[in-house]
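S.K.: Below is the structure I would like to discuss, written out as structure tokens.
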Amino acid sequence: MAKTSRISGFHKMSLQERIQVLRDFADLNDQDVALLGQSAVLGIETAERMIENVIGTFELPLGLVPNMAVNGRDILVPLAVEESSVVAALANAAKMARSGGGFFTSSSGPIMIAQIQTVGLSDPFAAKLKILERRDEIIALANEQDPVLVKLGGGCQDIEVRVLDSAAGPMVVTHILVDTRDAMGANAVNTMAEALAPHIEGWTGGRVFLRILSNLADRRLARARCLVKKDAIPPGPEVIDGIVTAWAFADADPYRAATHNKGIMNGVSALVVATGNDFRAIEAGAHSFAARTGRYRSLTTWEKNRDGDLVGSIEMPLAVGLVGGATVIHPLAKLVIKILGVKTARELAEIGAAVGLCQNLAALRVLAAEGVQRGHMSLHAKNIAVMAGARDREIDEVARRLVEEGKVRVDRAEAILKEIRGR
Ligand code: MEV
């Protein structure tokens with residue numbers, strides 16, 4: 001009989017009961033089950049408070065990137081990521097950027113947007129103005145919802161109202177612009193939007209439907225720039241034109257821009273994960289911002305200055321927080337914040353932008369010079385060496401020879417290993 005995944009009361013079961021149900025369902029053995037139900041760092045009880053139906057925790061490698069300098073301060077950057085080369089590439093590019101003093105950053109301030117959608121209006125343009133007439137009242141009503149945020153210097157600062165022509169007819173969309181200080185701010189702005197809904201219905205005669213933040217956080221931008229001296233970039237200054245051409249390709253073509261921006265997010269998301277922030281929110285913000293002109297484009301720009309040096313810049317939404325959520329619950333996230341030495345969400349966002357730009361520098365340099373496969377091949381060769389039975393120091397030697405010969409195959413690795421052991 002087919003097994004059913006319809007399990008009533010699953011969420012009420014204890015951890016051990018859930019694991020037992022899973023064991024029966026998926027025919028797990030003792031070894032499988034031993035991987036579940038425990039967590040050395042986070043603690044299984046904490047995990048159970050964070051999400052529902054916990055059966056275990058999932059680990060990622062945490063790597064440390066040296067060489068980064070941001071606004072004249074040297075920092076070590078922890079990254080949580082499963083992909084090889086991300087940490088090493090960032091460290092290399094950070095070293096190159098030191099030739100121009102590292103990264104210099106700024107940001108727009110932590111302004112989040114929440115949207116209130118009003119439908120069922122025959123006079124949407126009049127409704128828009130009725131809402132705008134009440135700007136001050138709306139700001140006051142929103143701020144009543146979060147006196148703590150206001151006391152910290154944040155709160156609703158402004159509103160915007162747009163009339164959209166949609167497949168479901170015209171709709172009036174009110175944006176509240178809220179300074180969320182060191183919080184990511186989703187809860188704060190959603191509460192405000194929900195509280196405003198009945199008022200907007202009363203003023204306009206329409207019906208409010210959705211009330212939710214926008215991840216296109218284009219009022220919460222982080223920026224970074226860097227300069228790489230022409231003699232500090234291997235294999236030599238000639239690669240600079242290649243990098244500019246590679247960037248121009250991404251900026252002109254969404255197929256390339258997707259991969260180019262993915263490379264940027266290799267660093268940004270790894271930092272966001274390591275700090276316990278919502279990486280889906282950051283990804284959504286980044287990609288929607290990249291498409292803001294109607295065409296999906298590069299998040300960075302790369303230029304050659306008068307001296308022939310390479311200059312790069314990035315501007316992207318980075319809605320990260322330091323208070324609330326996993327950032328303050330996860331012991332490793334707290335430790336990562338301590339290692340970074342940041343005191344505000346803005347500082348963290350700016351480091352995120354620097355990491356994104358630096359990661360892009362690393363990728364474009366490799367693509368414009370030797371191509372990614374050489375680096376990937378040496379890692380691949382190490383795996384092949386291990387598969388052939390190499391251990392400890394043998395691994396590096398076998399891998400190096402496989403790459404040199406251009407034959408990254410297990411049979412060749414076995415032959416080389418035999419030769420080494422026979423010496
Ligand atoms: C791989 O994870 C990232 C790259 O593809 C980025 C890029 O192509 O710019 C190397």
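Chain labels run A, B, ... following the order of the structure tokens; each chain numbers its residues from 1, and ligands are numbered from 1 in the order shown.
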Within 12 Å of ligand 1 (counting only C-alpha atoms and all ligand atoms), which residues show up? I'd like them as a PyMOL selection string.

M.R.: chain A and resi 81-87+89-90+243+246-251+255-267+269-270+298-300+356-368+370-376

S.K.: Mind checking which residues fall within 8 Å of Ala188 of chain A, counting only C-alpha atoms, ignoring those fewer than 4 positions away in the same chain, and posting them as a short mmCIF file (atom, residue, chain, number, x, y, z; two decimals) with N, CA, C and O atoms, in the first residue's frame?

M.R.:
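Full text of selection-v3.cif as output:
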data_model
loop_
_atom_site.label_atom_id
_atom_site.label_comp_id
_atom_site.auth_asym_id
_atom_site.auth_seq_id
_atom_site.Cartn_x
_atom_site.Cartn_y
_atom_site.Cartn_z
N ASP A 146 4.27 51.81 16.57
CA ASP A 146 5.60 51.38 17.00
C ASP A 146 6.36 52.49 17.72
O ASP A 146 7.33 53.05 17.21
N THR A 180 13.46 51.81 9.54
CA THR A 180 13.36 50.70 10.50
C THR A 180 14.65 50.54 11.32
O THR A 180 14.83 49.51 11.98
N MET A 192 2.15 48.33 10.58
CA MET A 192 1.69 49.69 10.23
C MET A 192 0.71 49.62 9.05
O MET A 192 -0.35 50.26 9.08
#

S.K.: Would you mind writing down, as a ChimeraX atom specification, each residue of segment 225-384 of chain A that DSSP on the backbone assigns to alpha helix (DSSP H)?

M.R.: /A:238-252,254-274,279-290,326-329,331-340,345-368,373-384

S.K.: Determine which residues of segment 176-361 of chain A receive a DSSP assignment of strand (DSSP E), computed from the backbone, and state them as number ranges by chain.

M.R.: A: 176-179, 207-214, 221-228, 300-304, 310-317

S.K.: What lies within 6 Å of segment 101-103 of chain A using only C-alpha atoms, ignoring chain neighbours under 4 positions off, as a PyMOL selection string?

M.R.: chain A and resi 69-70+97+225-226

S.K.: If we count only C-alpha atoms and set the cut-off at 8 Å, which residues sit around Ala224 of chain A, ignoring sequence neighbours fewer than 3 positions away in its own chain? Please answer as a list of chain:residue names.

M.R.: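 The residues satisfying every condition are A:Phe103, A:Phe104, A:Thr105, A:Ser106, A:Ser313, A:Ile314, A:Glu315, A:Glu350, A:Ala353, A:Ala354, A:Leu357.
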
S.K.: What are the closest atom pairs, with distances in Å to one decimal, for all residues of segment 305-337 of chain A lying within 10 Å of segment 40-57 of chain A? Consider only C-alpha atoms, order rows by chain and residue number, and present the result as a Markdown table.

M.R.:
| residue | atom | partner | partner_atom | distance |
| --- | --- | --- | --- | --- |
| A:Gly325 | CA | A:Met50 | CA | 8.4 |
| A:Ala326 | CA | A:Met50 | CA | 7.7 |
| A:Ile329 | CA | A:Thr46 | CA | 7.7 |
| A:His330 | CA | A:Leu42 | CA | 6.0 |
| A:Pro331 | CA | A:Leu42 | CA | 6.4 |
| A:Leu332 | CA | A:Val41 | CA | 7.4 |
| A:Ala333 | CA | A:Leu42 | CA | 9.8 |

S.K.: Near segment 161-177 of chain A, within 9 Å and counting only C-alpha atoms, which residues show up once chain neighbours fewer than 2 positions away are dropped, as number ranges by chain?

M.R.: A: 111-122, 124-125, 127-129, 131-132, 138-139, 142, 155-159, 179, 189, 192-193, 213, 219

S.K.: Show me, as a list in words, the residues that have an atom within 8 Å of segment 337-344 of chain A when counting only C-alpha atoms, minus same-chain residues fewer than 6 positions from it.

M.R.: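 Contacts, with the query itself left out: Ile75, Leu76, Val77, Pro78, Asp182, Thr275 and Leu322 of chain A.
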
S.K.: Produce a file of the selected residues containing N, CA, C and O atoms, as an mmCIF file, in the first residue's frame.

M.R.:
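As written to disk, part-v6.cif reads:
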data_model
loop_
_atom_site.group_PDB
_atom_site.id
_atom_site.type_symbol
_atom_site.label_atom_id
_atom_site.label_comp_id
_atom_site.auth_asym_id
_atom_site.auth_seq_id
_atom_site.Cartn_x
_atom_site.Cartn_y
_atom_site.Cartn_z
ATOM 1 N N ILE A 75 38.873 44.257 8.010
ATOM 2 C CA ILE A 75 37.881 43.352 8.602
ATOM 3 C C ILE A 75 38.122 41.930 8.104
ATOM 4 O O ILE A 75 38.679 41.726 7.022
ATOM 5 N N LEU A 76 37.697 40.978 8.911
ATOM 6 C CA LEU A 76 37.676 39.575 8.497
ATOM 7 C C LEU A 76 36.212 39.227 8.276
ATOM 8 O O LEU A 76 35.361 39.541 9.118
ATOM 9 N N VAL A 77 35.912 38.594 7.132
ATOM 10 C CA VAL A 77 34.511 38.389 6.758
ATOM 11 C C VAL A 77 34.148 36.904 6.764
ATOM 12 O O VAL A 77 34.624 36.142 5.920
ATOM 13 N N PRO A 78 33.304 36.465 7.696
ATOM 14 C CA PRO A 78 32.848 35.074 7.685
ATOM 15 C C PRO A 78 31.736 34.879 6.649
ATOM 16 O O PRO A 78 30.824 35.703 6.543
ATOM 17 N N ASP A 182 17.809 49.538 12.999
ATOM 18 C CA ASP A 182 18.649 48.344 12.900
ATOM 19 C C ASP A 182 17.871 47.052 12.708
ATOM 20 O O ASP A 182 18.446 45.964 12.761
ATOM 21 N N THR A 275 24.954 35.852 8.872
ATOM 22 C CA THR A 275 24.486 36.783 9.902
ATOM 23 C C THR A 275 23.047 36.487 10.308
ATOM 24 O O THR A 275 22.427 37.274 11.023
ATOM 25 N N LEU A 322 20.012 43.847 12.453
ATOM 26 C CA LEU A 322 20.850 43.333 13.544
ATOM 27 C C LEU A 322 20.003 42.966 14.752
ATOM 28 O O LEU A 322 20.515 42.411 15.716
#

S.K.: So, counting only C-alpha atoms, which residue among A:Glu347, A:Asp218, A:Glu144, A:Glu17 is closest to Phe289 of chain A?

M.R.: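 When distances to Phe289 of chain A are compared using only C-alpha atoms, the smallest one comes from A:Asp218.
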
S.K.: Tell me, as a count of residues only, which residues lie within 8 Å of Ala388 of chain A, counting only C-alpha atoms; anything in the same chain fewer than 6 positions away does not count.

M.R.: 5

S.K.: What does the distance from atom CA of Arg297 of chain A to atom CA of Lys230 of chain A come to in Å, to one decimal?

M.R.: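 Those two atoms sit 26.2 Å apart.
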
S.K.: So which one's closest to Ala284 of chain A, A:Val323, A:Leu216, A:Ala232, A:Val178? Using only C-alpha atoms, please.

M.R.: A:Leu216

S.K.: Measuring between only C-alpha atoms, which one of A:Asn143, A:Ala217, A:Val320, A:Arg306 shows the shortest distance to Arg292 of chain A?

M.R.: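 Smallest separation from Arg292 of chain A among the options: A:Ala217.
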